[in-house]
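**Q** My structure is in model-v6.txt, and what it holds is compact mmCIF, C-alpha atoms:
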```
# COMPACT_ATOMS: atom_id res chain seq x y z
CA MET N 110 101.01 89.40 54.91
CA THR N 111 98.99 86.34 55.94
CA ASN N 112 97.72 86.60 59.48
CA THR N 113 99.49 84.17 61.78
CA ILE N 114 98.24 85.36 65.18
CA PHE N 115 94.80 84.49 66.50
CA ASP N 116 92.81 85.09 69.65
CA PHE N 117 90.30 82.43 70.71
CA VAL N 118 87.80 84.32 72.83
CA GLY N 119 85.35 82.45 75.03
CA GLY N 120 82.28 84.42 76.08
CA LYS N 121 78.58 84.98 75.55
CA THR N 122 78.68 85.66 71.83
CA GLY N 123 80.69 84.40 68.90
CA GLU N 124 80.71 82.56 65.60
CA TRP N 125 81.00 79.14 67.22
CA LYS N 126 78.44 77.84 69.74
CA VAL N 127 79.77 75.53 72.45
CA ILE N 128 78.16 72.08 72.36
CA LYS N 129 80.24 70.57 75.16
CA MET N 130 83.25 71.53 77.25
CA THR N 131 85.18 68.78 79.04
CA THR N 132 88.28 69.09 81.20
CA ILE N 133 90.40 66.07 80.32
CA LYS N 134 93.36 66.89 82.59
CA GLY N 135 94.46 69.68 84.93
CA ASP N 136 92.65 72.92 85.75
CA SER N 137 89.45 73.64 83.89
CA LEU N 138 88.53 76.79 81.99
CA ALA N 139 85.42 78.82 82.89
CA LYS N 140 82.32 77.59 81.07
CA VAL N 141 81.28 79.76 78.14
CA THR N 142 78.50 79.47 75.57
CA HIS N 143 80.40 80.77 72.54
CA VAL N 144 83.92 80.98 71.10
CA ASP N 145 85.18 83.50 68.57
CA LYS N 146 88.32 82.87 66.52
CA ILE N 147 89.69 86.29 65.63
CA ALA N 148 92.66 87.26 63.45
CA SER N 149 94.65 89.31 65.90
CA THR N 150 98.05 90.86 66.50
CA ILE N 151 100.62 90.25 69.17
CA LEU N 152 99.71 93.58 70.78
CA GLN N 153 95.94 93.20 70.67
CA CYS N 154 94.02 91.60 73.48
CA PHE N 155 90.36 90.71 73.22
CA GLN N 156 88.02 90.65 76.17
CA GLY N 157 85.60 87.85 76.94
CA ILE N 158 85.36 85.41 79.81
CA TRP N 159 88.73 84.08 78.68
CA SER N 160 91.01 84.71 75.72
CA LEU N 161 93.76 82.43 74.44
CA LYS N 162 96.38 83.68 71.99
CA GLY N 163 98.16 81.38 69.54
CA ILE N 164 100.54 81.77 66.63
CA THR N 165 100.80 79.57 63.56
CA SER N 166 104.32 78.51 62.61
CA HIS N 167 106.14 76.16 60.24
CA LEU N 168 106.01 72.41 61.01
CA HIS N 169 108.56 71.68 63.76
CA TYR N 170 108.76 67.87 63.53
CA THR N 171 107.50 66.82 60.12
CA GLU N 172 110.05 65.34 57.74
CA LYS N 173 110.22 65.82 53.98
CA THR N 174 108.25 62.76 52.83
CA GLU N 175 105.60 63.25 55.52
CA LYS N 176 105.29 66.93 54.67
CA GLU N 177 104.82 66.25 50.95
CA LYS N 178 102.10 63.71 51.74
CA LEU N 179 100.38 66.06 54.20
CA VAL N 180 100.38 68.98 51.78
CA SER N 181 98.96 66.81 49.00
CA ILE N 182 95.94 65.53 50.96
CA GLN N 183 95.07 67.95 53.76
CA GLU N 184 92.25 70.46 53.32
CA ASP N 185 92.03 74.05 54.44
CA LEU N 186 89.94 75.42 57.28
CA GLY N 187 86.65 77.10 56.40
CA ARG N 188 85.06 74.38 54.24
CA GLN N 189 81.31 74.95 53.89
CA LYS N 190 80.39 71.45 55.06
CA ALA N 191 82.69 71.59 58.10
CA THR N 192 80.17 73.05 60.53
CA TYR N 193 81.63 71.25 63.54
CA ALA N 194 84.86 72.26 65.24
CA ALA N 195 86.92 71.39 68.29
CA LEU N 196 89.27 73.68 70.19
CA ILE N 197 91.60 71.61 72.35
CA PRO N 198 94.13 73.66 74.36
CA ILE N 199 97.00 71.49 75.59
CA ARG N 200 99.97 71.92 77.92
CA LYS N 201 102.91 69.52 78.16
CA ASN N 202 105.00 69.08 81.29
CA ASP N 203 108.63 70.07 81.98
CA ALA N 204 109.87 66.53 81.29
CA TRP N 205 108.74 67.00 77.67
CA TRP N 206 110.31 70.42 77.23
CA ASN N 207 113.59 69.27 78.75
CA LEU N 208 113.95 66.63 76.04
CA ALA N 209 116.12 67.38 72.99
CA GLN N 210 114.67 67.72 69.48
CA ASP N 211 115.55 64.15 68.43
CA GLU N 212 114.04 62.69 71.62
CA ARG N 213 110.77 64.59 71.13
CA ARG N 214 110.64 63.58 67.47
CA LYS N 215 111.23 59.94 68.43
CA ILE N 216 108.34 59.96 70.89
CA MET N 217 106.04 61.76 68.47
CA GLU N 218 106.67 59.60 65.48
CA ASN N 219 108.29 56.26 66.34
CA GLN N 220 106.29 55.66 69.50
CA SER N 221 103.14 57.70 69.07
CA GLN N 222 102.82 57.86 65.26
CA HIS N 223 101.37 61.35 65.63
CA THR N 224 101.69 62.36 61.96
CA HIS N 225 100.91 58.88 60.67
CA VAL N 226 97.71 58.51 62.72
CA GLY N 227 96.61 62.07 61.86
CA MET N 228 96.97 61.30 58.16
CA LEU N 229 94.53 58.38 58.39
CA TYR N 230 91.79 60.93 59.04
CA LEU N 231 92.65 63.28 56.19
CA PRO N 232 91.06 64.99 54.35
CA ALA N 233 87.92 64.64 56.54
CA ILE N 234 89.44 66.36 59.58
CA ALA N 235 91.05 69.72 58.80
CA ARG N 236 93.40 70.91 61.52
CA LYS N 237 95.59 73.81 62.48
CA LEU N 238 98.09 74.10 65.32
CA PHE N 239 98.61 77.38 67.16
CA HIS N 240 101.69 77.82 69.35
CA SER N 241 101.29 79.56 72.72
CA ARG N 242 104.10 78.36 74.96
CA ASP N 243 106.73 80.90 73.98
CA ILE N 244 104.40 83.86 74.54
CA ASN N 245 103.73 83.02 78.20
CA GLU N 246 100.20 81.76 77.65
CA PRO N 247 98.58 79.24 80.03
CA PHE N 248 98.66 76.48 77.37
CA ASP N 249 101.50 75.35 75.08
CA PHE N 250 99.30 74.68 72.05
CA LEU N 251 95.81 75.46 70.87
CA THR N 252 94.72 72.73 68.48
CA TRP N 253 91.81 73.52 66.19
CA PHE N 254 89.90 70.97 64.12
CA GLU N 255 87.04 71.38 61.63
CA TYR N 256 84.87 68.59 60.24
CA ALA N 257 81.41 67.75 58.94
CA PRO N 258 78.91 66.41 61.51
CA GLU N 259 79.07 62.94 59.94
CA ASP N 260 82.83 62.82 60.57
CA GLU N 261 82.49 63.30 64.33
CA PRO N 262 82.90 59.56 65.11
CA ALA N 263 86.13 59.53 63.08
CA PHE N 264 87.35 62.60 64.98
CA ASN N 265 86.63 60.92 68.32
CA GLU N 266 88.58 57.88 67.16
CA LEU N 267 91.55 60.08 66.18
CA LEU N 268 91.52 61.70 69.63
CA LYS N 269 91.36 58.31 71.32
CA HIS N 270 94.47 57.22 69.39
CA LEU N 271 96.39 60.35 70.39
CA ARG N 272 95.33 60.27 74.04
CA ASN N 273 96.53 56.67 74.35
CA SER N 274 99.92 57.49 72.83
CA GLU N 275 103.32 57.76 74.51
CA GLU N 276 103.37 61.46 73.61
CA TRP N 277 100.18 62.13 75.58
CA LYS N 278 101.80 60.96 78.84
CA TYR N 279 103.53 64.34 78.83
CA VAL N 280 100.25 66.29 78.56
CA ASP N 281 99.36 67.73 81.97
CA ARG N 282 96.49 70.02 81.00
CA GLU N 283 93.88 69.51 78.32
CA ILE N 284 90.42 70.91 77.72
CA ASP N 285 88.14 69.55 74.99
CA ILE N 286 85.75 72.18 73.64
CA ARG N 287 83.29 71.03 70.96
CA LEU N 288 81.73 73.67 68.77
CA LYS N 289 79.07 74.12 66.11
CA LYS N 290 78.94 76.95 63.60
CA GLU N 291 76.05 79.33 64.28
CA MET A 269 108.20 82.86 85.82
CA THR A 270 111.45 83.48 83.95
CA ASN A 271 111.14 86.23 81.43
CA THR A 272 111.31 84.91 77.88
CA ILE A 273 110.33 88.02 75.90
CA PHE A 274 112.76 90.84 75.22
CA ASP A 275 112.75 94.13 73.36
CA PHE A 276 116.00 95.31 71.81
CA VAL A 277 115.58 99.06 71.56
CA GLY A 278 117.94 101.10 69.42
CA GLY A 279 118.07 104.81 70.23
CA LYS A 280 120.04 107.60 71.83
CA THR A 281 120.39 106.04 75.28
CA GLY A 282 120.86 102.54 76.64
CA GLU A 283 123.06 100.13 78.52
CA TRP A 284 125.04 99.14 75.43
CA LYS A 285 126.93 101.68 73.32
CA VAL A 286 127.19 100.94 69.60
CA ILE A 287 130.79 100.53 68.40
CA LYS A 288 129.95 99.63 64.81
CA MET A 289 126.86 98.81 62.78
CA THR A 290 127.29 96.99 59.48
CA THR A 291 124.62 95.83 57.05
CA ILE A 292 125.80 92.44 55.81
CA LYS A 293 122.83 91.67 53.55
CA GLY A 294 119.46 93.25 52.67
CA ASP A 295 117.93 96.46 53.98
CA SER A 296 119.82 98.30 56.69
CA LEU A 297 118.49 99.50 60.03
CA ALA A 298 118.66 103.20 61.01
CA LYS A 299 121.92 104.09 62.72
CA VAL A 300 121.67 104.44 66.49
CA THR A 301 124.22 105.19 69.19
CA HIS A 302 122.84 102.88 71.90
CA VAL A 303 120.90 99.65 72.34
CA ASP A 304 118.87 98.62 75.38
CA LYS A 305 117.92 94.98 76.03
CA ILE A 306 114.74 95.08 78.07
CA ALA A 307 112.75 92.25 79.64
CA SER A 308 109.35 92.86 78.07
CA THR A 309 105.98 91.29 77.47
CA ILE A 310 104.20 90.37 74.30
CA LEU A 311 101.84 93.32 74.77
CA GLN A 312 104.46 95.93 75.62
CA CYS A 313 106.13 98.02 72.97
CA PHE A 314 109.12 100.24 73.65
CA GLN A 315 109.86 103.39 71.72
CA GLY A 316 113.25 104.31 70.32
CA ILE A 317 114.52 104.74 66.80
CA TRP A 318 113.74 101.06 66.27
CA SER A 319 112.61 98.23 68.51
CA LEU A 320 112.97 94.50 67.81
CA LYS A 321 111.02 91.93 69.82
CA GLY A 322 112.26 88.38 70.34
CA ILE A 323 111.26 85.35 72.39
CA THR A 324 113.51 82.68 73.84
CA SER A 325 112.39 79.11 73.26
CA HIS A 326 113.62 75.56 73.66
CA LEU A 327 116.32 74.33 71.24
CA HIS A 328 114.62 73.41 67.95
CA TYR A 329 117.40 71.42 66.25
CA THR A 330 119.81 70.25 68.92
CA GLU A 331 119.97 66.52 69.59
CA LYS A 332 120.43 64.82 72.95
CA THR A 333 124.22 64.34 72.94
CA GLU A 334 124.82 67.84 71.56
CA LYS A 335 122.45 69.34 74.12
CA GLU A 336 124.18 67.62 77.03
CA LYS A 337 127.55 68.88 75.81
CA LEU A 338 126.23 72.40 75.31
CA VAL A 339 124.66 72.57 78.74
CA SER A 340 127.84 71.32 80.37
CA ILE A 341 130.16 73.94 78.87
CA GLN A 342 128.20 77.04 77.88
CA GLU A 343 128.16 80.07 80.16
CA ASP A 344 125.30 82.41 81.00
CA LEU A 345 124.86 85.95 79.79
CA GLY A 346 125.84 88.77 82.16
CA ARG A 347 129.39 87.70 83.07
CA GLN A 348 131.33 90.62 84.53
CA LYS A 349 134.23 90.27 82.10
CA ALA A 350 131.95 90.06 79.04
CA THR A 351 131.80 93.78 78.32
CA TYR A 352 131.51 93.33 74.56
CA ALA A 353 128.35 92.16 72.83
CA ALA A 354 126.97 91.69 69.34
CA LEU A 355 123.34 91.88 68.28
CA ILE A 356 122.91 90.23 64.88
CA PRO A 357 119.33 90.22 63.56
CA ILE A 358 118.88 87.68 60.78
CA ARG A 359 116.18 86.76 58.29
CA LYS A 360 116.13 83.58 56.21
CA ASN A 361 114.39 83.33 52.84
CA ASP A 362 111.25 81.37 51.86
CA ALA A 363 113.33 78.51 50.42
CA TRP A 364 114.57 77.82 53.97
CA TRP A 365 111.16 77.97 55.60
CA ASN A 366 109.64 75.73 52.95
CA LEU A 367 112.07 72.96 53.86
CA ALA A 368 110.94 70.21 56.24
CA GLN A 369 112.44 69.77 59.72
CA ASP A 370 114.85 67.00 58.66
CA GLU A 371 116.07 68.98 55.66
CA ARG A 372 116.75 72.07 57.80
CA ARG A 373 118.51 69.96 60.41
CA LYS A 374 120.65 68.31 57.71
CA ILE A 375 121.80 71.68 56.36
CA MET A 376 122.45 73.05 59.85
CA GLU A 377 124.44 70.17 61.15
CA ASN A 378 125.74 67.85 58.41
CA GLN A 379 126.62 70.61 55.95
CA SER A 380 127.12 73.69 58.10
CA GLN A 381 128.16 72.17 61.45
CA HIS A 382 126.31 75.02 63.19
CA THR A 383 126.30 73.47 66.68
CA HIS A 384 129.70 71.85 66.27
CA VAL A 385 131.42 75.09 65.17
CA GLY A 386 129.63 77.11 67.87
CA MET A 387 130.92 74.70 70.52
CA LEU A 388 134.54 75.32 69.52
CA TYR A 389 134.16 78.86 70.87
CA LEU A 390 132.59 77.89 74.20
CA PRO A 391 132.72 78.98 76.95
CA ALA A 392 134.36 82.24 75.73
CA ILE A 393 131.39 83.34 73.63
CA ALA A 394 128.07 83.26 75.49
CA ARG A 395 125.07 83.35 73.20
CA LYS A 396 121.29 83.47 73.25
CA LEU A 397 118.84 83.10 70.40
CA PHE A 398 115.61 85.09 70.31
CA HIS A 399 112.84 84.02 67.92
CA SER A 400 110.95 86.73 66.03
CA ARG A 401 109.56 85.15 62.87
CA ASP A 402 106.29 83.87 64.27
CA ILE A 403 105.36 87.22 65.79
CA ASN A 404 105.47 89.10 62.48
CA GLU A 405 108.71 90.91 63.20
CA PRO A 406 111.01 92.13 60.38
CA PHE A 407 113.69 89.55 61.28
CA ASP A 408 113.38 85.79 61.95
CA PHE A 409 115.99 85.69 64.73
CA LEU A 410 117.83 88.10 66.95
CA THR A 411 121.15 86.53 67.90
CA TRP A 412 122.91 87.97 70.93
CA PHE A 413 126.52 87.26 71.90
CA GLU A 414 128.57 88.40 74.91
CA TYR A 415 132.34 88.09 75.28
CA ALA A 416 135.42 89.69 76.80
CA PRO A 417 137.32 92.21 74.61
CA GLU A 418 140.22 89.75 74.21
CA ASP A 419 137.84 87.19 72.69
CA GLU A 420 136.75 89.46 69.86
CA PRO A 421 139.10 87.83 67.29
CA ALA A 422 137.65 84.41 68.19
CA PHE A 423 134.13 85.80 67.79
CA ASN A 424 134.99 87.19 64.35
CA GLU A 425 136.36 83.80 63.37
CA LEU A 426 133.14 82.08 64.52
CA LEU A 427 131.07 84.49 62.40
CA LYS A 428 133.30 83.89 59.38
CA HIS A 429 132.69 80.14 59.72
CA LEU A 430 128.93 80.59 59.94
CA ARG A 431 128.73 83.10 57.07
CA ASN A 432 130.61 80.72 54.78
CA SER A 433 128.31 77.82 55.62
CA GLU A 434 125.60 76.19 53.51
CA GLU A 435 123.02 77.40 56.04
CA TRP A 436 123.97 81.05 55.51
CA LYS A 437 123.06 80.86 51.79
CA TYR A 438 119.46 81.08 53.00
CA VAL A 439 120.07 84.30 54.96
CA ASP A 440 118.67 87.26 53.03
CA ARG A 441 118.95 89.99 55.65
CA GLU A 442 121.62 90.42 58.30
CA ILE A 443 122.82 93.37 60.33
CA ASP A 444 125.92 93.16 62.52
CA ILE A 445 125.74 95.50 65.52
CA ARG A 446 128.80 95.55 67.82
CA LEU A 447 128.32 96.85 71.33
CA LYS A 448 130.27 97.77 74.42
CA LYS A 449 128.84 97.96 77.91
CA GLU A 450 128.67 101.53 79.20
```
Take the structure in this file and express it as structure tokens.
**A**
Amino acid sequence: MTNTIFDFVGGKTGEWKVIKMTTIKGDSLAKVTHVDKIASTILQCFQGIWSLKGITSHLHYTEKTEKEKLVSIQEDLGRQKATYAALIPIRKNDAWWNLAQDERRKIMENQSQHTHVGMLYLPAIARKLFHSRDINEPFDFLTWFEYAPEDEPAFNELLKHLRNSEEWKYVDREIDIRLKKE
Amino acid sequence: MTNTIFDFVGGKTGEWKVIKMTTIKGDSLAKVTHVDKIASTILQCFQGIWSLKGITSHLHYTEKTEKEKLVSIQEDLGRQKATYAALIPIRKNDAWWNLAQDERRKIMENQSQHTHVGMLYLPAIARKLFHSRDINEPFDFLTWFEYAPEDEPAFNELLKHLRNSEEWKYVDREIDIRLKKE
């Protein structure tokens, strides 16, 4: 069975060295020098200065034509040249979670063009979404991106797009952790 | 914080006595005489003959007008007169999970009228959906229903509707466990 559960452990050692840690909104996380991304289980709990658990899932908003396009151009995590990464834990507010599926989809796609904008930066930026909300974690999502150092400006541009979107008005906690493979 | 994680423990003791246990499709579960529904955590694990973990979440397919209607007429679990219950663990096949969000929604609502049919039996049948797929459990969903003994024929009719639907063609494992409050 493919592992779907991961712990992101911030501490003094780890595969990924922290370059910069910025609190964009809400409470910060304790500063750490390293982050480890560990295939885990729901029952396991890793120590460290902090540890965030997330679960991969199927795509909850993507429609058929978008999904086919995504699958055809996106690249997997773990590419040799992708020595830079970003871990961006995000929480959305109650107003978001009280919306119905069609309202959330409308904000994500019609107004924020989440999938459309993300696709402009494929295949350079590989990404994976980990769900945390339903397992009582402090964040709703852990977003993980991997890219080559020369694609960092493109990644910053992608983030700028998303943070200016209608969808992002519902984000009430966000930490931006930039990493470099050791 | 409201508890969102539950363990359904089948064994020799428990709040709910098993009236009947029927394997509808796929591998069966070991026969038990009782089931306990316990507010749990992601890290806890209860013993018993078997134990199924599920997590409540927001509604993943329901649209705004349907949601408003649901909220206005559905009743909560734990009503005094609802001394009968059914625990129906379900798994859907890969063909289902490989569909995109809009395709799944189309099958659920346009072709199977999942929400529409369910609403015909409100408020008599109270229900709650627990998600298990993303936490590597043997089932994708644990569905839990509570009703008064006199509403059992209506509940059986609701199940017949669902099992004959387009959506149910994707179900490859289903156990029907009927319970009575002790």
**Q** Around (137.6, 79.9, 73.3), as given in the file, which residues come within 12 Å? Count only C-alpha atoms and list them as a PDB file with C-alpha atoms, keeping the file's coordinate frame.
**A**
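As written to disk, point.pdb reads:
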```pdb
ATOM      1  CA  ILE A 341     130.160  73.940  78.870  1.00  0.00           C
ATOM      2  CA  GLN A 342     128.200  77.040  77.880  1.00  0.00           C
ATOM      3  CA  GLU A 343     128.160  80.070  80.160  1.00  0.00           C
ATOM      4  CA  VAL A 385     131.420  75.090  65.170  1.00  0.00           C
ATOM      5  CA  GLY A 386     129.630  77.110  67.870  1.00  0.00           C
ATOM      6  CA  MET A 387     130.920  74.700  70.520  1.00  0.00           C
ATOM      7  CA  LEU A 388     134.540  75.320  69.520  1.00  0.00           C
ATOM      8  CA  TYR A 389     134.160  78.860  70.870  1.00  0.00           C
ATOM      9  CA  LEU A 390     132.590  77.890  74.200  1.00  0.00           C
ATOM     10  CA  PRO A 391     132.720  78.980  76.950  1.00  0.00           C
ATOM     11  CA  ALA A 392     134.360  82.240  75.730  1.00  0.00           C
ATOM     12  CA  ILE A 393     131.390  83.340  73.630  1.00  0.00           C
ATOM     13  CA  ALA A 394     128.070  83.260  75.490  1.00  0.00           C
ATOM     14  CA  TYR A 415     132.340  88.090  75.280  1.00  0.00           C
ATOM     15  CA  ALA A 416     135.420  89.690  76.800  1.00  0.00           C
ATOM     16  CA  GLU A 418     140.220  89.750  74.210  1.00  0.00           C
ATOM     17  CA  ASP A 419     137.840  87.190  72.690  1.00  0.00           C
ATOM     18  CA  GLU A 420     136.750  89.460  69.860  1.00  0.00           C
ATOM     19  CA  PRO A 421     139.100  87.830  67.290  1.00  0.00           C
ATOM     20  CA  ALA A 422     137.650  84.410  68.190  1.00  0.00           C
ATOM     21  CA  PHE A 423     134.130  85.800  67.790  1.00  0.00           C
ATOM     22  CA  ASN A 424     134.990  87.190  64.350  1.00  0.00           C
ATOM     23  CA  GLU A 425     136.360  83.800  63.370  1.00  0.00           C
ATOM     24  CA  LEU A 426     133.140  82.080  64.520  1.00  0.00           C
TER      25      LEU A 426
END
```
**Q** Would you please work out which residue, of A:Ser296, A:Thr301, A:Ser400, A:Ser308, is nearest to Thr281 (chain A) when using all atoms listed in the file?
**A**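 For Thr281 (chain A), the nearest of the given residues is A:Thr301.
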**Q** Identify every residue of chain A that has at least one atom within 8 Å of any atom of chain N, counting all atoms listed in the file, and report the result as a ChimeraX atom specification.
**A** /A:272-273,310-312,323-332,335,365,367-371,402-404
**Q** Rounded to one decimal in Å, what is the spacing between CA of Ile286 (chain N) and CA of Ile128 (chain N)?
**A**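 Distance between the two atoms: 7.7 Å.
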**Q** Using all atoms listed in the file, which of A:Asn361, A:Thr290, A:Ser340, A:Thr383 sits nearest Lys437 (chain A)?
**A** A:Asn361
**Q** Using all atoms listed in the file, which residue out of N:Val144, N:Ile284, N:Met130, N:Leu138 lies closest to Arg200 (chain N)?
**A**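 Of all the options, N:Ile284 lies closest to Arg200 (chain N).
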**Q** Figure out the distance between CA of Glu283 (chain N) and CA of Ala191 (chain N), please, to one decimal in Å.
**A**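 Between these atoms lies a distance of 23.2 Å.
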**Q** Which residues are close to His225 (chain N), i.e. within 10 Å by only C-alpha atoms, leaving aside same-chain residues fewer than 6 positions away? Reply as a PyMOL selection string.
**A** chain N and resi 175+179+217-219
**Q** Neighbouring residues of Tyr438 (chain A) were defined as those with any atom within 8 Å, considering only C-alpha atoms; residues of the same chain fewer than 6 positions away were excluded. Please report them as a PyMOL selection string.
**A** chain A and resi 360-361+363-364
**Q** Using CA of Lys448 (chain A) and CA of Glu283 (chain A) as the two end points, give the distance in Å to one decimal.
**A**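 Computing the Euclidean distance for CA of Lys448 (chain A) and CA of Glu283 (chain A) yields 8.6 Å.
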**Q** Please determine, counting only C-alpha atoms, which residue among N:Pro198, N:Pro247, N:Gly120, N:Pro258 has the shortest atom-to-atom distance to Trp159 (chain N).
**A** N:Gly120
**Q** If I only have part of region 416-441 of chain A, can you fill in N, CA and C atoms and write it as a CSV table (one decimal), in the coordinates of the input?
**A**
```csv
chain,number,residue,atom,x,y,z
A,416,ALA,N,134.4,88.7,76.3
A,416,ALA,CA,135.4,89.7,76.8
A,416,ALA,C,136.1,90.3,75.6
A,417,PRO,N,136.6,91.5,75.7
A,417,PRO,CA,137.3,92.2,74.6
A,417,PRO,C,138.4,91.3,74.0
A,418,GLU,N,139.1,90.6,74.8
A,418,GLU,CA,140.2,89.8,74.2
A,418,GLU,C,139.7,88.6,73.4
A,419,ASP,N,138.4,88.3,73.5
A,419,ASP,CA,137.8,87.2,72.7
A,419,ASP,C,137.2,87.7,71.4
A,420,GLU,N,137.3,88.9,71.1
A,420,GLU,CA,136.8,89.5,69.9
A,420,GLU,C,137.3,88.8,68.6
A,421,PRO,N,138.6,88.5,68.5
A,421,PRO,CA,139.1,87.8,67.3
A,421,PRO,C,138.5,86.4,67.1
A,422,ALA,N,138.3,85.7,68.2
A,422,ALA,CA,137.6,84.4,68.2
A,422,ALA,C,136.2,84.5,67.7
A,423,PHE,N,135.5,85.6,68.2
A,423,PHE,CA,134.1,85.8,67.8
A,423,PHE,C,134.1,86.1,66.3
A,424,ASN,N,135.0,86.9,65.8
A,424,ASN,CA,135.0,87.2,64.4
A,424,ASN,C,135.2,85.9,63.5
A,425,GLU,N,136.1,85.1,64.0
A,425,GLU,CA,136.4,83.8,63.4
A,425,GLU,C,135.1,82.9,63.3
A,426,LEU,N,134.4,82.8,64.4
A,426,LEU,CA,133.1,82.1,64.5
A,426,LEU,C,132.1,82.6,63.5
A,427,LEU,N,132.0,83.9,63.4
A,427,LEU,CA,131.1,84.5,62.4
A,427,LEU,C,131.5,84.2,61.0
A,428,LYS,N,132.8,84.2,60.7
A,428,LYS,CA,133.3,83.9,59.4
A,428,LYS,C,132.9,82.5,59.0
A,429,HIS,N,133.1,81.5,59.9
A,429,HIS,CA,132.7,80.1,59.7
A,429,HIS,C,131.2,80.0,59.3
A,430,LEU,N,130.4,80.7,60.2
A,430,LEU,CA,128.9,80.6,59.9
A,430,LEU,C,128.5,81.2,58.6
A,431,ARG,N,129.1,82.4,58.3
A,431,ARG,CA,128.7,83.1,57.1
A,431,ARG,C,129.2,82.4,55.8
A,432,ASN,N,130.2,81.5,55.9
A,432,ASN,CA,130.6,80.7,54.8
A,432,ASN,C,129.9,79.4,54.7
A,433,SER,N,128.9,79.1,55.6
A,433,SER,CA,128.3,77.8,55.6
A,433,SER,C,127.2,77.7,54.6
A,434,GLU,N,126.7,76.5,54.4
A,434,GLU,CA,125.6,76.2,53.5
A,434,GLU,C,124.3,76.9,54.1
A,435,GLU,N,124.2,76.8,55.4
A,435,GLU,CA,123.0,77.4,56.0
A,435,GLU,C,122.9,78.9,55.7
A,436,TRP,N,124.0,79.6,55.7
A,436,TRP,CA,124.0,81.0,55.5
A,436,TRP,C,123.5,81.5,54.1
A,437,LYS,N,123.5,80.5,53.1
A,437,LYS,CA,123.1,80.9,51.8
A,437,LYS,C,121.6,81.2,51.8
A,438,TYR,N,120.9,80.8,52.9
A,438,TYR,CA,119.5,81.1,53.0
A,438,TYR,C,119.2,82.4,53.7
A,439,VAL,N,120.2,83.0,54.2
A,439,VAL,CA,120.1,84.3,55.0
A,439,VAL,C,119.9,85.4,53.9
A,440,ASP,N,118.8,86.2,54.0
A,440,ASP,CA,118.7,87.3,53.0
A,440,ASP,C,118.7,88.6,53.7
A,441,ARG,N,118.8,88.7,55.0
A,441,ARG,CA,119.0,90.0,55.6
A,441,ARG,C,119.8,89.8,56.9
```
